[in-house]
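Q: First, the structure itself, so that you have it in front of you.
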Amino acid sequence: MARKLLLEHINVPGINTFDVYREKGGYRAVEKALKTLSPDEVVEEVKKSGLRGRGGAGFPTGMKWSFLAKPEGVPRYLVCNADESEPGTFKDRFLMTHIPHALIEGMIVSSYALGANTSYIYVRGEMMPQIRILERAIAEAKSAGFLGQNILGTGYNLELYVQPGGGAYICGEETALLESLEGKRGNPRIKPPFPAIAGLYGCPTVVNNVESIAATVPIINDGGEEYAKIGIGRSTGTKLISASGNLVRPGVYEIELGLSVEEFIYSDEYCGGIANGKRLKATVAGGSSVPILPANLTLKLASGEPRLMSYESLSEGGFATGTMLGSGGFIAFDEDQCIVRNTWNFARFYHHESCGQCSPCREGTGWMEKVLHRIEYGHGKMSDIDLLVDVSRKIEGNTICPLGDAAAWPVASAIRHFRDEFEWHVKEPVKCLDTNYGLANYAEPIAKAEVTTGN
Amino acid sequence: MLRVEEQQPVEFSSALIARFDEIVKRYPEGKQKSALLPVLHETQAELGWLSTSAMDKVAEYLDILPIEVYEVASFYTMYFLKPQGKYVLEVCRTGPCCLVGAERIMKHIEDRLGVKEGEVTEDGLFSWRGVECLAACGYGPVLQIGPEYTFYENLNEQSVDQLIEDLRRK
């Protein structure tokens, strides 16, 4: 059984309440940090842990914290990014629903490290039930003396508030999130200045994902060095993976980074294989933005070595044969799924969610959606396939924020690996309406893989 | 696109204003505009949708320009700028949910309610629409119903029928 740091007590009845959470060792990290460590020492532990941002970018959290400007007399802010909107990702919702105090405890420890006296948790507006859960958890923590004035008699003050979003994927981008928190449209800001210098209300601000903040709790409890021993290479610790699509047991799993992809998909401890006895066709390993991979490249690197669930192994081979860990939104496609239709679906999503500031993204995402729609519905031309590649290249890297890249990669990678399926749609405009290309010739068909490790 | 029309003036209840007052306290002095999104959620929960007059009242309350409210309300997808059914069924239509049948569910809802996406049933009870990823991909197909955004997971035709029946009887 793999080690669990965040979900260890997930099955304990009442773990969503303060009393049970506390009984299971909760809020020890707050006591340890506030009573025995200086803020800089907390930052140092997080640096030592090697924790990398769990929202998608994978930037080292400790380093991000150390960039925070500390001018005299200016408030500093910690803002938690709980705007979880990346298709395929639902781990933060899970954590906030079942163990809200893990996030509250992490917020207190992290705010202390950064010297913030007011912190916000920006939760996507659709998660109204989770907002109520967090508000209740905050009230509980406050009446137990872990929030408010002079916490645990240490002289440290912290107010924590939950802010609802309004329904916009773009607000997961940290500067768009800050704009939204200021009551504006979620248009990403031009960087620099980075939020660490000028963020919320122009003050130094750190924005961290829910899971990153919750991970500071075991890091402070056990020490950064202990945390760094888990995982593989520069992918330290555990990671919550949201598994969805055609799996026997979709859901949220905490894995030690370095687990093999094959074991994750097929072992009974995790997803239990592909649903309905079908074969795996493709996966999107880290949320809809990362490149899609055919089954063979999902399970093995181009060299034939097994691929692992880690930042490095998933991106091994670059975009030619690799992908990214991203937010850990793992989507599995069985042999009956149509790659063209799914690519069109994602393109529509990005078109819908583009904020409209930058022309390449605003216009390009719309063009990609239209062209993919006509290929999917049997009106495509052979030249459309290269046109899509061309449009995706003109979006990528030419926008203020990464939404442009996020929209370009799924399209470019689908054509890279499944070009023959796109061509089939053009050649068979009638047949493609009611049948699918299936596993066919896209790559070597993958037999149901034998699990060689674990269990 | 936001179309400004002549509308009946609205009055906010004192209970609603009291909730606004609580929200505004979360932000530093002079940053009350930060309250805009949560205040709009509260307003919509009370009135069902955001009319121009309601948005003007919000602007007045927060001491900002009406256009600052309009541009936000029209940017975010959760705010309704025209009247909806009492229950708005919002079905996730993004990739992972489609892998497990979301498109079939939307078609079923359309047939069952007898109205197209965005339209309101004659009795005023229902409207429905497809929305983008709701971060519940492992439990798809899913739909949500505001203003509390209750979640209904692992949908099939039977559970959708049951849900519609239950809401009708409520």
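Here, A, B, ... name the chains of the structure tokens in the order displayed, residue numbers run from 1 inside each chain, and ligands are numbered from 1 in the same displayed order.
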Can you build me a table of chain A residues sitting at most 8 Å from chain B, with the closest atom pair per residue and its distance in Å to one decimal, using only C-alpha atoms, sorted by chain and residue number, as JSON lines?
A:
```
{"residue": "A:Glu84", "atom": "CA", "partner": "B:Ala135", "partner_atom": "CA", "distance": 6.5}
{"residue": "A:Ser85", "atom": "CA", "partner": "B:Ala135", "partner_atom": "CA", "distance": 5.9}
{"residue": "A:Glu86", "atom": "CA", "partner": "B:Cys133", "partner_atom": "CA", "distance": 7.2}
{"residue": "A:Pro87", "atom": "CA", "partner": "B:Cys133", "partner_atom": "CA", "distance": 5.4}
{"residue": "A:Gly88", "atom": "CA", "partner": "B:Cys137", "partner_atom": "CA", "distance": 5.5}
{"residue": "A:Thr89", "atom": "CA", "partner": "B:Ala135", "partner_atom": "CA", "distance": 5.8}
{"residue": "A:Phe90", "atom": "CA", "partner": "B:Ala135", "partner_atom": "CA", "distance": 4.5}
{"residue": "A:Arg93", "atom": "CA", "partner": "B:Ala135", "partner_atom": "CA", "distance": 7.1}
{"residue": "A:Gly125", "atom": "CA", "partner": "B:Met78", "partner_atom": "CA", "distance": 7.6}
{"residue": "A:Glu126", "atom": "CA", "partner": "B:Tyr149", "partner_atom": "CA", "distance": 6.2}
{"residue": "A:Met127", "atom": "CA", "partner": "B:Tyr149", "partner_atom": "CA", "distance": 7.0}
{"residue": "A:Met128", "atom": "CA", "partner": "B:Tyr149", "partner_atom": "CA", "distance": 5.9}
{"residue": "A:Pro129", "atom": "CA", "partner": "B:Glu148", "partner_atom": "CA", "distance": 6.8}
{"residue": "A:Tyr161", "atom": "CA", "partner": "B:Arg26", "partner_atom": "CA", "distance": 6.7}
{"residue": "A:Gln163", "atom": "CA", "partner": "B:Pro38", "partner_atom": "CA", "distance": 7.1}
{"residue": "A:Pro164", "atom": "CA", "partner": "B:Pro38", "partner_atom": "CA", "distance": 6.0}
{"residue": "A:Gly165", "atom": "CA", "partner": "B:Leu37", "partner_atom": "CA", "distance": 6.6}
{"residue": "A:Gly166", "atom": "CA", "partner": "B:Tyr76", "partner_atom": "CA", "distance": 5.1}
{"residue": "A:Gly167", "atom": "CA", "partner": "B:Thr77", "partner_atom": "CA", "distance": 5.1}
{"residue": "A:Ala168", "atom": "CA", "partner": "B:Tyr76", "partner_atom": "CA", "distance": 5.8}
{"residue": "A:Ser180", "atom": "CA", "partner": "B:Ser34", "partner_atom": "CA", "distance": 7.8}
{"residue": "A:Leu181", "atom": "CA", "partner": "B:Ser34", "partner_atom": "CA", "distance": 5.7}
{"residue": "A:Glu182", "atom": "CA", "partner": "B:Ser34", "partner_atom": "CA", "distance": 4.3}
{"residue": "A:Gly183", "atom": "CA", "partner": "B:Ser34", "partner_atom": "CA", "distance": 4.2}
{"residue": "A:Lys184", "atom": "CA", "partner": "B:Val72", "partner_atom": "CA", "distance": 6.0}
{"residue": "A:Arg185", "atom": "CA", "partner": "B:Val72", "partner_atom": "CA", "distance": 5.2}
{"residue": "A:Gly186", "atom": "CA", "partner": "B:Phe75", "partner_atom": "CA", "distance": 7.9}
{"residue": "A:Ser242", "atom": "CA", "partner": "B:Gly138", "partner_atom": "CA", "distance": 7.1}
{"residue": "A:Ala243", "atom": "CA", "partner": "B:Gly138", "partner_atom": "CA", "distance": 6.1}
{"residue": "A:Ser244", "atom": "CA", "partner": "B:Gly138", "partner_atom": "CA", "distance": 4.4}
{"residue": "A:Gly245", "atom": "CA", "partner": "B:Pro96", "partner_atom": "CA", "distance": 5.3}
{"residue": "A:Asn246", "atom": "CA", "partner": "B:Leu99", "partner_atom": "CA", "distance": 6.9}
{"residue": "A:Pro250", "atom": "CA", "partner": "B:Gly138", "partner_atom": "CA", "distance": 5.0}
{"residue": "A:Gly251", "atom": "CA", "partner": "B:Gly138", "partner_atom": "CA", "distance": 5.0}
{"residue": "A:Val252", "atom": "CA", "partner": "B:Gly138", "partner_atom": "CA", "distance": 7.7}
{"residue": "A:Ile331", "atom": "CA", "partner": "B:Pro96", "partner_atom": "CA", "distance": 6.7}
{"residue": "A:Phe333", "atom": "CA", "partner": "B:Leu99", "partner_atom": "CA", "distance": 7.4}
{"residue": "A:Gln337", "atom": "CA", "partner": "B:Leu99", "partner_atom": "CA", "distance": 7.2}
{"residue": "A:Asn342", "atom": "CA", "partner": "B:Gly95", "partner_atom": "CA", "distance": 6.0}
{"residue": "A:Asn345", "atom": "CA", "partner": "B:Gly95", "partner_atom": "CA", "distance": 5.9}
{"residue": "A:Phe346", "atom": "CA", "partner": "B:Gly95", "partner_atom": "CA", "distance": 6.3}
{"residue": "A:Phe349", "atom": "CA", "partner": "B:Glu132", "partner_atom": "CA", "distance": 6.6}
```
Q: List the spatial neighbours of region 46-56 of chain B as a compact mmCIF listing (two decimals) with N, CA and C atoms, in the first residue's frame - criterion: any atom at most 8 Å away, only C-alpha atoms, same-chain residues fewer than 4 positions off excluded.
A:
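Final output, saved to result08.txt:
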```
# COMPACT_ATOMS: atom_id res chain seq x y z
N VAL B 4 -29.66 46.48 -22.91
CA VAL B 4 -30.28 47.24 -21.83
C VAL B 4 -31.72 47.56 -22.20
N GLU B 5 -32.63 47.15 -21.35
CA GLU B 5 -34.06 47.39 -21.62
C GLU B 5 -34.67 48.14 -20.45
N GLN B 7 -36.80 48.25 -17.46
CA GLN B 7 -37.25 47.17 -16.59
C GLN B 7 -37.86 47.73 -15.32
N GLN B 8 -38.67 46.90 -14.71
CA GLN B 8 -39.26 47.29 -13.44
C GLN B 8 -38.14 47.54 -12.43
N PRO B 9 -38.25 48.60 -11.66
CA PRO B 9 -37.24 48.80 -10.62
C PRO B 9 -37.34 47.68 -9.59
N VAL B 10 -36.21 47.32 -8.99
CA VAL B 10 -36.25 46.28 -7.96
C VAL B 10 -35.88 46.89 -6.61
N LEU B 16 -31.11 40.84 2.47
CA LEU B 16 -30.10 40.78 1.40
C LEU B 16 -29.02 41.82 1.64
N LEU B 40 -23.26 39.62 -6.54
CA LEU B 40 -24.10 39.24 -7.68
C LEU B 40 -24.69 37.84 -7.48
N GLU B 42 -25.47 36.50 -4.59
CA GLU B 42 -26.56 36.66 -3.61
C GLU B 42 -27.80 37.26 -4.27
N GLU B 60 -24.87 50.88 -7.25
CA GLU B 60 -25.13 51.95 -6.28
C GLU B 60 -24.63 51.51 -4.90
N PRO B 66 -22.28 51.60 -13.08
CA PRO B 66 -23.08 50.47 -13.58
C PRO B 66 -22.32 49.61 -14.60
N VAL B 69 -20.41 46.77 -13.32
CA VAL B 69 -21.21 45.60 -12.97
C VAL B 69 -21.59 44.84 -14.24
N TYR B 70 -22.06 45.57 -15.27
CA TYR B 70 -22.49 44.90 -16.51
C TYR B 70 -21.35 44.07 -17.10
N TYR B 79 -23.84 34.01 -14.28
CA TYR B 79 -24.87 35.05 -14.10
C TYR B 79 -25.85 35.03 -15.26
N PHE B 80 -27.14 34.99 -14.92
CA PHE B 80 -28.20 34.97 -15.93
C PHE B 80 -28.66 36.39 -16.21
N LEU B 81 -28.58 36.76 -17.49
CA LEU B 81 -28.98 38.12 -17.85
C LEU B 81 -30.39 38.16 -18.42
N LYS B 82 -31.03 37.01 -18.42
CA LYS B 82 -32.47 37.00 -18.74
C LYS B 82 -33.14 35.96 -17.85
N PRO B 83 -34.47 36.06 -17.72
CA PRO B 83 -35.16 35.15 -16.80
C PRO B 83 -34.99 33.69 -17.21
N GLN B 84 -34.89 32.83 -16.20
CA GLN B 84 -34.72 31.40 -16.42
C GLN B 84 -35.89 30.65 -15.79
N LYS B 86 -37.44 28.07 -12.97
CA LYS B 86 -37.16 28.03 -11.53
C LYS B 86 -35.97 27.13 -11.26
```
Q: Once DSSP has gone over the backbone, tell me which residues of region 26-159 of chain B are in helix (DSSP H, G or I), as a PyMOL selection string.
A: chain B and resi 32-47+52-62+66-75+95-99+102-113+137-139+157-159
Q: Can you tell me, as a ChimeraX atom specification, what residues are no more than 12 Å from region 419-428 of chain A when counting only C-alpha atoms, ignoring any on the same chain fewer than 3 positions away?
A: /A:294,337-344,371-386,388-389,411-416,431-443
Q: I want to know what sits within 12 Å of Leu89 (chain B), based on only C-alpha atoms, with residues of the same chain fewer than 4 positions away left out; could you give that as JSON, numbers by chain?
A: {"B": [84, 85, 105, 106, 109, 110, 113, 117, 118, 119, 120, 121, 125, 126, 127, 128, 129, 130, 131, 142, 143, 144, 145, 146, 147, 149, 150, 151, 152, 160, 163, 164, 167]}
Q: Excluding same-chain residues fewer than 3 positions from region 30-40 of chain A, what lies within 6 Å of it counting only C-alpha atoms, as a ChimeraX atom specification?
A: /A:27,43,109,113
Q: Output N, CA and C atoms of each residue in that selection to a file, as a short mmCIF file (atom, residue, chain, number, x, y, z; two decimals), in the first residue's frame.
A:
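The resulting part_1.cif:
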```cif
data_model
loop_
_atom_site.label_atom_id
_atom_site.label_comp_id
_atom_site.auth_asym_id
_atom_site.auth_seq_id
_atom_site.Cartn_x
_atom_site.Cartn_y
_atom_site.Cartn_z
N TYR A 27 -3.83 20.08 12.81
CA TYR A 27 -3.40 21.37 13.38
C TYR A 27 -2.10 21.26 14.19
N VAL A 43 9.58 28.49 5.26
CA VAL A 43 9.89 28.58 3.83
C VAL A 43 11.03 27.60 3.50
N VAL A 109 -0.47 27.76 8.00
CA VAL A 109 0.98 27.57 7.98
C VAL A 109 1.62 28.42 6.88
N ALA A 113 4.17 31.68 7.02
CA ALA A 113 5.48 31.68 6.36
C ALA A 113 5.67 32.93 5.51
#
```
Q: Find, counting only C-alpha atoms, the residue in A:Leu114, A:Pro429, A:Phe94, A:Phe18 that gets nearest to Glu254 (chain A).
A: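 Smallest distance to Glu254 (chain A) is found for A:Phe94.
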